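One file, query-v5.cif, is given below (mmCIF, C-alpha atoms).
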```
data_run
loop_
_atom_site.label_atom_id
_atom_site.label_comp_id
_atom_site.auth_asym_id
_atom_site.auth_seq_id
_atom_site.Cartn_x
_atom_site.Cartn_y
_atom_site.Cartn_z
CA MET H 1 0.00 0.00 0.00
CA ALA H 2 2.91 2.36 0.68
CA VAL H 3 4.33 1.72 -2.80
CA VAL H 4 0.88 2.20 -4.34
CA THR H 5 0.61 5.56 -2.58
CA LEU H 6 4.02 6.63 -3.86
CA LEU H 7 3.26 5.68 -7.47
CA SER H 8 -0.11 7.47 -7.33
CA ARG H 9 1.66 10.71 -6.32
CA GLY H 10 -0.06 10.59 -2.95
CA HIS H 11 0.73 10.87 0.74
CA LEU H 12 0.48 8.15 3.37
CA LEU H 13 -0.79 8.23 6.96
CA ILE H 14 0.29 5.34 9.20
CA GLU H 15 -1.71 5.09 12.41
CA ASP H 16 -1.04 2.65 15.24
CA VAL H 17 0.23 2.32 18.79
CA PRO H 18 3.90 3.16 19.48
CA GLY H 19 6.57 0.56 18.81
CA VAL H 20 5.07 -1.54 16.00
CA GLY H 21 7.31 -0.27 13.20
CA LYS H 22 5.55 2.80 11.76
CA THR H 23 8.74 4.84 11.53
CA THR H 24 10.73 1.82 10.33
CA LEU H 25 8.31 1.23 7.45
CA ALA H 26 8.36 4.89 6.44
CA ALA H 27 12.15 5.17 6.61
CA SER H 28 12.65 1.89 4.73
CA LEU H 29 10.41 2.99 1.86
CA ALA H 30 12.16 6.34 1.67
CA ARG H 31 15.63 4.82 1.68
CA SER H 32 14.73 2.27 -0.98
CA ILE H 33 14.50 5.22 -3.38
CA ASP H 34 17.61 7.16 -4.33
CA CYS H 35 16.03 10.45 -3.29
CA THR H 36 16.57 12.97 -0.54
CA PHE H 37 14.92 12.02 2.75
CA LYS H 38 14.30 14.04 5.89
CA ARG H 39 12.55 13.25 9.15
CA ILE H 40 10.76 15.69 11.46
CA GLN H 41 9.83 14.65 14.98
CA PHE H 42 6.60 16.51 15.66
CA THR H 43 6.35 17.87 19.19
CA SER H 44 4.06 20.32 20.98
CA ASP H 45 6.57 23.18 20.64
CA LEU H 46 7.24 22.72 16.91
CA LEU H 47 6.50 25.84 14.82
CA PRO H 48 5.50 26.16 11.13
CA ALA H 49 8.83 27.91 10.43
CA ASP H 50 10.66 24.82 11.73
CA ILE H 51 9.11 22.92 8.81
CA LEU H 52 8.95 25.47 5.99
CA GLY H 53 12.06 27.55 6.66
CA VAL H 54 12.62 31.22 7.42
CA PRO H 55 14.10 34.34 5.79
CA ILE H 56 17.50 35.15 7.33
CA PHE H 57 19.12 38.57 7.05
CA ASP H 58 22.44 38.45 5.21
CA PRO H 59 24.54 41.48 6.24
CA LYS H 60 26.90 41.04 3.27
CA LYS H 61 24.04 41.31 0.76
CA ASN H 62 22.08 43.68 3.00
CA ALA H 63 18.98 41.62 2.23
CA PHE H 64 16.92 38.72 3.55
CA GLU H 65 17.71 35.30 2.16
CA PHE H 66 15.35 32.35 2.44
CA ARG H 67 16.73 29.37 4.29
CA PRO H 68 14.70 26.27 3.29
CA GLY H 69 13.32 24.02 6.00
CA PRO H 70 13.26 20.21 6.04
CA ILE H 71 10.11 20.11 3.88
CA PHE H 72 12.34 20.71 0.86
CA THR H 73 13.03 17.05 0.22
CA HIS H 74 11.66 14.22 -1.91
CA ILE H 75 10.39 12.05 0.95
CA LEU H 76 9.38 13.71 4.22
CA LEU H 77 8.73 11.58 7.30
CA ALA H 78 6.42 13.49 9.63
CA ASP H 79 6.83 11.39 12.75
CA GLU H 80 3.97 11.49 15.29
CA ILE H 81 2.26 14.28 13.38
CA ASN H 82 -0.61 14.49 15.85
CA ARG H 83 1.68 15.45 18.75
CA THR H 84 1.94 19.02 17.48
CA THR H 85 -0.66 21.79 17.37
CA PRO H 86 -3.13 22.26 14.49
CA LYS H 87 -1.35 25.46 13.45
CA THR H 88 1.87 23.55 12.82
CA GLN H 89 0.04 20.61 11.24
CA SER H 90 -1.51 23.01 8.73
CA ALA H 91 1.96 24.07 7.54
CA LEU H 92 1.93 20.91 5.40
CA LEU H 93 -1.38 21.61 3.66
CA GLU H 94 -0.13 23.69 0.73
CA ALA H 95 2.86 21.42 0.17
CA MET H 96 0.76 18.24 0.12
CA ASN H 97 -1.88 19.70 -2.18
CA ASP H 98 0.10 21.88 -4.59
CA GLY H 99 3.74 20.78 -4.38
CA HIS H 100 4.99 24.18 -3.22
CA VAL H 101 5.07 26.39 -0.13
CA THR H 102 4.59 30.11 0.42
CA VAL H 103 6.74 32.03 2.90
CA GLU H 104 6.61 35.82 3.24
CA ASN H 105 4.51 36.08 0.05
CA GLN H 106 7.13 34.16 -1.92
CA THR H 107 6.30 30.75 -3.45
CA TYR H 108 8.93 28.02 -3.55
CA SER H 109 8.52 24.78 -5.52
CA LEU H 110 9.22 21.42 -3.91
CA PRO H 111 11.24 18.69 -5.64
CA ASP H 112 9.59 15.99 -7.76
CA PRO H 113 8.66 13.44 -6.57
CA PHE H 114 7.41 14.74 -3.24
CA MET H 115 5.70 12.50 -0.69
CA VAL H 116 4.74 12.96 2.95
CA ILE H 117 4.70 9.82 5.08
CA ALA H 118 3.14 10.71 8.40
CA THR H 119 2.85 8.52 11.47
CA GLN H 120 0.43 9.13 14.30
CA ASN H 121 -0.57 7.50 17.54
CA PRO H 122 -4.26 6.74 18.15
CA ALA H 123 -6.20 9.89 19.02
CA ASP H 124 -7.08 8.68 22.52
CA HIS H 125 -3.41 8.65 23.61
CA HIS H 126 -2.15 11.42 25.89
CA GLY H 127 -0.62 14.50 24.28
CA THR H 128 -2.19 14.13 20.85
CA TYR H 129 -4.07 16.66 18.73
CA PRO H 130 -6.56 15.12 16.27
CA LEU H 131 -5.77 16.01 12.67
CA PRO H 132 -8.40 18.38 11.21
CA GLU H 133 -10.58 17.08 8.37
CA SER H 134 -8.84 19.29 5.80
CA GLN H 135 -5.49 17.74 6.75
CA LEU H 136 -6.78 14.16 6.71
CA ASP H 137 -8.26 14.72 3.26
CA ARG H 138 -4.78 15.37 1.84
CA PHE H 139 -3.64 11.83 2.65
CA THR H 140 -4.32 9.29 -0.08
CA MET H 141 -4.40 6.38 2.34
CA ARG H 142 -4.48 5.60 6.03
CA ILE H 143 -3.06 2.24 7.00
CA ARG H 144 -2.48 0.40 10.27
CA LEU H 145 0.25 -2.16 10.93
CA GLY H 146 -1.13 -3.97 13.96
CA TYR H 147 0.87 -6.30 16.17
CA PRO H 148 2.95 -8.88 14.27
CA GLU H 149 2.16 -12.58 14.35
CA PRO H 150 4.11 -14.48 17.07
CA SER H 151 6.34 -16.18 14.47
CA ASP H 152 7.12 -12.84 12.80
CA GLU H 153 7.82 -11.19 16.15
CA LYS H 154 10.21 -14.00 17.05
CA ALA H 155 12.01 -13.54 13.72
CA ILE H 156 12.35 -9.82 14.46
CA LEU H 157 13.96 -10.54 17.83
CA LEU H 158 16.32 -13.17 16.41
CA LYS H 159 17.47 -10.95 13.55
CA ALA H 160 17.66 -7.70 15.48
CA ALA H 161 21.22 -8.24 16.71
CA ALA H 162 22.56 -9.43 13.35
CA SER H 163 20.81 -6.89 11.13
CA SER H 164 22.74 -3.82 10.08
CA GLY H 165 19.52 -1.93 9.39
CA VAL H 166 20.85 -0.57 6.08
CA VAL H 167 18.36 -0.36 3.22
CA LYS H 168 19.90 0.09 -0.22
CA PRO H 169 18.12 2.08 -2.97
CA VAL H 170 16.46 0.01 -5.69
CA LEU H 171 15.08 2.94 -7.72
CA THR H 172 16.40 6.33 -8.75
CA ARG H 173 14.45 9.57 -8.65
CA ASP H 174 14.03 9.60 -12.43
CA GLU H 175 12.77 6.01 -12.39
CA VAL H 176 10.17 6.86 -9.75
CA VAL H 177 8.91 9.81 -11.82
CA ALA H 178 8.81 7.61 -14.94
CA LEU H 179 6.79 4.95 -13.12
CA GLN H 180 4.34 7.58 -11.86
CA LYS H 181 3.75 8.67 -15.46
CA GLU H 182 3.20 5.06 -16.54
CA VAL H 183 0.60 4.63 -13.80
CA GLU H 184 -1.42 7.48 -15.32
CA GLN H 185 -1.76 5.43 -18.54
CA VAL H 186 -3.44 2.46 -16.83
CA THR H 187 -6.97 1.95 -18.16
CA LEU H 188 -9.91 2.60 -15.84
CA GLU H 189 -13.18 1.78 -17.64
CA GLU H 190 -16.12 4.17 -17.33
CA SER H 191 -18.16 1.42 -15.63
CA LEU H 192 -15.56 1.30 -12.86
CA ILE H 193 -15.70 5.09 -12.49
CA ASP H 194 -19.47 4.79 -12.08
CA TYR H 195 -18.90 2.05 -9.47
CA LEU H 196 -16.43 4.26 -7.60
CA LEU H 197 -18.83 7.22 -7.66
CA ALA H 198 -21.70 5.04 -6.42
CA ILE H 199 -19.62 4.24 -3.33
CA VAL H 200 -18.83 7.93 -2.85
CA GLN H 201 -22.48 8.93 -3.18
CA ALA H 202 -23.49 6.25 -0.67
CA THR H 203 -21.22 7.79 1.98
CA ARG H 204 -22.98 11.12 1.50
CA ARG H 205 -26.47 9.65 1.96
CA LEU H 206 -25.91 7.67 5.17
CA ARG H 207 -27.71 9.20 8.15
CA ASP H 208 -25.03 7.93 10.54
CA LEU H 209 -22.41 10.12 8.84
CA SER H 210 -22.05 13.85 9.30
CA MET H 211 -19.60 14.07 6.39
CA GLY H 212 -19.16 11.86 3.32
CA VAL H 213 -16.25 11.37 0.95
CA SER H 214 -15.04 14.46 -0.91
CA THR H 215 -14.34 14.77 -4.63
CA ARG H 216 -10.64 14.78 -3.75
CA GLY H 217 -11.16 11.40 -2.09
CA ALA H 218 -12.74 10.04 -5.28
CA LEU H 219 -9.80 11.30 -7.34
CA PHE H 220 -7.32 9.71 -4.92
CA LEU H 221 -9.08 6.34 -5.14
CA GLN H 222 -9.01 6.57 -8.93
CA ARG H 223 -5.25 7.21 -8.89
CA ALA H 224 -4.61 4.52 -6.28
CA ALA H 225 -6.59 1.93 -8.27
CA ARG H 226 -4.43 2.61 -11.33
CA ALA H 227 -1.28 2.33 -9.20
CA LEU H 228 -2.41 -0.97 -7.64
CA ALA H 229 -3.15 -2.45 -11.07
CA PHE H 230 0.29 -1.30 -12.26
CA VAL H 231 2.06 -2.81 -9.23
CA GLU H 232 0.30 -6.11 -9.91
CA GLY H 233 1.45 -6.09 -13.54
CA ARG H 234 -1.80 -5.08 -15.24
CA SER H 235 -2.50 -2.26 -17.71
CA TYR H 236 -6.16 -2.12 -16.64
CA CYS H 237 -8.12 -1.86 -13.39
CA LEU H 238 -10.54 -4.40 -11.94
CA PRO H 239 -13.49 -3.90 -9.56
CA ASP H 240 -11.45 -5.73 -6.91
CA ASP H 241 -8.87 -2.92 -7.03
CA ILE H 242 -11.51 -0.43 -5.95
CA LYS H 243 -13.00 -2.77 -3.33
CA ARG H 244 -9.57 -3.47 -1.86
CA LEU H 245 -8.55 0.17 -1.67
CA ALA H 246 -11.82 1.90 -0.71
CA PRO H 247 -11.58 1.20 3.06
CA ARG H 248 -8.01 2.54 3.17
CA VAL H 249 -8.71 5.61 1.02
CA PHE H 250 -12.17 6.54 2.35
CA SER H 251 -12.22 5.57 6.05
CA HIS H 252 -10.44 8.71 7.28
CA ARG H 253 -12.60 10.98 5.09
CA ILE H 254 -15.96 10.22 6.69
CA LEU H 255 -17.24 11.39 10.07
CA LEU H 256 -19.55 9.34 12.28
CA LYS H 257 -22.18 11.39 14.09
CA GLY H 258 -21.56 11.72 17.82
CA ALA H 259 -18.23 9.88 17.70
CA SER H 260 -14.90 11.14 18.99
CA SER H 261 -12.04 11.52 16.53
CA GLY H 262 -10.51 8.18 17.53
CA GLN H 263 -13.84 6.33 17.32
CA ALA H 264 -14.59 7.94 13.97
CA LEU H 265 -11.35 6.69 12.48
CA GLN H 266 -11.85 3.18 13.81
CA GLY H 267 -15.47 2.99 12.67
CA GLY H 268 -14.82 4.44 9.23
CA GLU H 269 -13.48 1.21 7.74
CA ALA H 270 -16.49 -0.78 8.96
CA VAL H 271 -18.87 1.74 7.39
CA VAL H 272 -17.07 1.59 4.03
CA MET H 273 -17.06 -2.21 4.10
CA GLU H 274 -20.80 -2.18 4.78
CA ILE H 275 -21.37 0.16 1.84
CA LEU H 276 -19.30 -2.05 -0.45
CA GLY H 277 -21.66 -4.92 0.34
CA THR H 278 -24.65 -2.92 -0.94
CA ILE H 279 -23.25 -1.57 -4.23
CA PRO H 280 -23.59 -3.88 -7.28
CA VAL H 281 -20.19 -4.74 -8.80
CA PRO H 282 -19.95 -4.04 -12.55
CA LEU H 283 -19.51 -7.11 -14.75
#
```

In structure tokens, write the structure found in this file.
Amino acid sequence: MAVVTLLSRGHLLIEDVPGVGKTTLAASLARSIDCTFKRIQFTSDLLPADILGVPIFDPKKNAFEFRPGPIFTHILLADEINRTTPKTQSALLEAMNDGHVTVENQTYSLPDPFMVIATQNPADHHGTYPLPESQLDRFTMRIRLGYPEPSDEKAILLKAAASSGVVKPVLTRDEVVALQKEVEQVTLEESLIDYLLAIVQATRRLRDLSMGVSTRGALFLQRAARALAFVEGRSYCLPDDIKRLAPRVFSHRILLKGASSGQALQGGEAVVMEILGTIPVPL
């Protein structure tokens, strides 16, 4: 799912309890690509300028010179993004949506490709600030790792001492960009677009929801379906691509009435799965 998000030009939100490998997954994906990679540990005292950068006065030039922040990278790991305030969280909005940032009325373009991989602890943990809906809507997918199986956990413990932890790049920046362009050529039949939109419309009609899936969410699912087909070696999408991705792409975009932020996120997947069971699959 992380690779699918990358190839669809999206951003990934990884949510789970501490210590199950969220940061490890994000860092491993980033390092498998021969691109620049930076990590920001989000804390309660982090400021927007710490992410975007600031103008610094240069006495030799007698002028202000912009000093770029860590957001100027190909892959940005926003670690524990919900441990900082909404004001700082919102510093990522323009970058994630438009691929550039604005500081002191000056716009600066970000490198291509650009991807934010954010990790967050469940919203009911101490010291967390729930991500606002506008921020959540910028993430293509939200995934959870869960606890590993006992056999996998044993393998982790046995290999921990021997592993060097070094991940070597398997793709260059230019290859990633080329693959992203190939993904855009994957065929998505009109019947599948109608199927996708029927799911979207269903989320907007449910009385238990105070907010359904946005048009941006529909576009992200369309891109992700093409990327999933491409990863699996197909030049065309199948209904199963949409069914497989919909819970991951839509669950964080809907709001359950009367539920807290944490409950809303947990219940979102169940609601989407229920909707999928009511929508006829195109033949």

Worksheet item: Mind pulling up the distance from CA of Val3 in chain H to CA of Glu149 in chain H?
Response: 22.4 Å

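The closest residue to Asp137 in chain H, picked from H:Leu52, H:Gln201, H:Val213, H:Pro113 and counting only C-alpha atoms, is H:Val213.
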
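Comparing the minimum interatomic distances between Ile81 in chain H and each of H:Gln41, H:Asn97, H:Ser109, H:Thr102, counting all atoms listed in the file, we find that H:Gln41 sits nearest.
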
Item to complete: Expand the PyMOL selection byres ((chain H and resi 249) around 6) into the individual residues it matches in the shown file, reporting them as an NGL selection string.
Response: :H and (140-141 or 246-248 or 250)

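Ranking H:Arg138, H:Ser214, H:Ala49, H:Leu6 by their shortest atom-to-atom distance to Leu228 in chain H, with all atoms listed in the file included, puts H:Leu6 first.
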
Item to complete: Using CA of Val116 in chain H and CA of Thr36 in chain H as the two end points, give the distance in Å to one decimal.
Response: 12.3 Å

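Distances here use all atoms listed in the file; by that measure, the residue among H:Val176, H:Ala229, H:Val20, H:Ala30 closest to Ile156 in chain H is H:Val20.
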
Discussion item. List the spatial neighbours of Leu76 in chain H as a PyMOL selection string - criterion: any atom at most 8 Å away, all atoms listed in the file, same-chain residues fewer than 4 positions off excluded.
Written reply: chain H and resi 37-40+70-71+114-117

Worksheet item: Written as number ranges by chain, what is the full residue list that the PyMOL selection byres ((chain H and resi 193) around 12) yields on the file shown?
Response: H: 187-192, 194-200, 218-219, 221-223, 225-226, 237-239, 241-242, 281-282

Residues of the last selection are to be written out with C-alpha atoms, as a PDB file, in the coordinates of the input.
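Below is the file result16.pdb, written as the result:
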```
ATOM      1  CA  THR H 187      -6.970   1.950 -18.160  1.00  0.00           C
ATOM      2  CA  LEU H 188      -9.910   2.600 -15.840  1.00  0.00           C
ATOM      3  CA  GLU H 189     -13.180   1.780 -17.640  1.00  0.00           C
ATOM      4  CA  GLU H 190     -16.120   4.170 -17.330  1.00  0.00           C
ATOM      5  CA  SER H 191     -18.160   1.420 -15.630  1.00  0.00           C
ATOM      6  CA  LEU H 192     -15.560   1.300 -12.860  1.00  0.00           C
ATOM      7  CA  ASP H 194     -19.470   4.790 -12.080  1.00  0.00           C
ATOM      8  CA  TYR H 195     -18.900   2.050  -9.470  1.00  0.00           C
ATOM      9  CA  LEU H 196     -16.430   4.260  -7.600  1.00  0.00           C
ATOM     10  CA  LEU H 197     -18.830   7.220  -7.660  1.00  0.00           C
ATOM     11  CA  ALA H 198     -21.700   5.040  -6.420  1.00  0.00           C
ATOM     12  CA  ILE H 199     -19.620   4.240  -3.330  1.00  0.00           C
ATOM     13  CA  VAL H 200     -18.830   7.930  -2.850  1.00  0.00           C
ATOM     14  CA  ALA H 218     -12.740  10.040  -5.280  1.00  0.00           C
ATOM     15  CA  LEU H 219      -9.800  11.300  -7.340  1.00  0.00           C
ATOM     16  CA  LEU H 221      -9.080   6.340  -5.140  1.00  0.00           C
ATOM     17  CA  GLN H 222      -9.010   6.570  -8.930  1.00  0.00           C
ATOM     18  CA  ARG H 223      -5.250   7.210  -8.890  1.00  0.00           C
ATOM     19  CA  ALA H 225      -6.590   1.930  -8.270  1.00  0.00           C
ATOM     20  CA  ARG H 226      -4.430   2.610 -11.330  1.00  0.00           C
ATOM     21  CA  CYS H 237      -8.120  -1.860 -13.390  1.00  0.00           C
ATOM     22  CA  LEU H 238     -10.540  -4.400 -11.940  1.00  0.00           C
ATOM     23  CA  PRO H 239     -13.490  -3.900  -9.560  1.00  0.00           C
ATOM     24  CA  ASP H 241      -8.870  -2.920  -7.030  1.00  0.00           C
ATOM     25  CA  ILE H 242     -11.510  -0.430  -5.950  1.00  0.00           C
ATOM     26  CA  VAL H 281     -20.190  -4.740  -8.800  1.00  0.00           C
ATOM     27  CA  PRO H 282     -19.950  -4.040 -12.550  1.00  0.00           C
TER      28      PRO H 282
END
```

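Residue nearest Ala95 in chain H, chosen from H:Phe57, H:Phe66, H:Tyr236, H:Tyr108 and counting only C-alpha atoms: H:Tyr108.
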
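Residue selection for this entry, given the PyMOL selection byres ((chain H and resi 254) around 8), comprises H:Thr203, H:Leu209, H:Ser210, H:Met211, H:Gly212, H:Val213, H:Phe250, H:Ser251, H:His252, H:Arg253, H:Leu255, H:Leu256, H:Ala264, H:Gly268.
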
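For the residues H:Thr85, H:Val54, H:Thr119, H:Phe139, ranking by smallest atom-to-atom distance to Val101 in chain H using all atoms listed in the file places H:Val54 first.
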
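Between CA of Val4 in chain H and CA of Phe230 in chain H lies a distance of 8.7 Å.
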
Worksheet item: Near Lys22 in chain H, counting all atoms listed in the file, which residues have an atom at most 8 Å away, once you skip same-chain residues fewer than 5 positions from it, shown as a PyMOL selection string?
Response: chain H and resi 14-16+119+145

Discussion item. Which residues are near Ala2 in chain H? Cut-off 10 Å, all atoms listed in the file, ignore same chain within fewer than 6 positions. Put them as an NGL selection string.
Written reply: :H and (8 or 10-14 or 25-26 or 29 or 117 or 141-143)

Dump C-alpha atoms for the selected residues as a short mmCIF file (atom, residue, chain, number, x, y, z; two decimals), in the coordinates of the input?
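After the write, out-v6.cif holds the following:
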```
data_model
loop_
_atom_site.label_atom_id
_atom_site.label_comp_id
_atom_site.auth_asym_id
_atom_site.auth_seq_id
_atom_site.Cartn_x
_atom_site.Cartn_y
_atom_site.Cartn_z
CA SER H 8 -0.11 7.47 -7.33
CA GLY H 10 -0.06 10.59 -2.95
CA HIS H 11 0.73 10.87 0.74
CA LEU H 12 0.48 8.15 3.37
CA LEU H 13 -0.79 8.23 6.96
CA ILE H 14 0.29 5.34 9.20
CA LEU H 25 8.31 1.23 7.45
CA ALA H 26 8.36 4.89 6.44
CA LEU H 29 10.41 2.99 1.86
CA ILE H 117 4.70 9.82 5.08
CA MET H 141 -4.40 6.38 2.34
CA ARG H 142 -4.48 5.60 6.03
CA ILE H 143 -3.06 2.24 7.00
#
```

Worksheet item: Near range 131-135 of chain H, counting all atoms listed in the file, which residues have an atom at most 8 Å away, once you skip same-chain residues fewer than 6 positions from it, shown as number ranges by chain?
Response: H: 82, 86, 89-90, 93, 253

Residues near Pro18 in chain H, anyone? I mean within 12 Å using all atoms listed in the file, not counting same-chain ones fewer than 4 positions away, as a CSV table (one decimal) with C-alpha atoms, in the frame of the given file.
```csv
chain,number,residue,atom,x,y,z
H,14,ILE,CA,0.3,5.3,9.2
H,22,LYS,CA,5.6,2.8,11.8
H,23,THR,CA,8.7,4.8,11.5
H,24,THR,CA,10.7,1.8,10.3
H,79,ASP,CA,6.8,11.4,12.8
H,80,GLU,CA,4.0,11.5,15.3
H,119,THR,CA,2.8,8.5,11.5
H,120,GLN,CA,0.4,9.1,14.3
H,121,ASN,CA,-0.6,7.5,17.5
H,122,PRO,CA,-4.3,6.7,18.2
H,125,HIS,CA,-3.4,8.6,23.6
H,144,ARG,CA,-2.5,0.4,10.3
H,145,LEU,CA,0.2,-2.2,10.9
H,146,GLY,CA,-1.1,-4.0,14.0
H,147,TYR,CA,0.9,-6.3,16.2
```
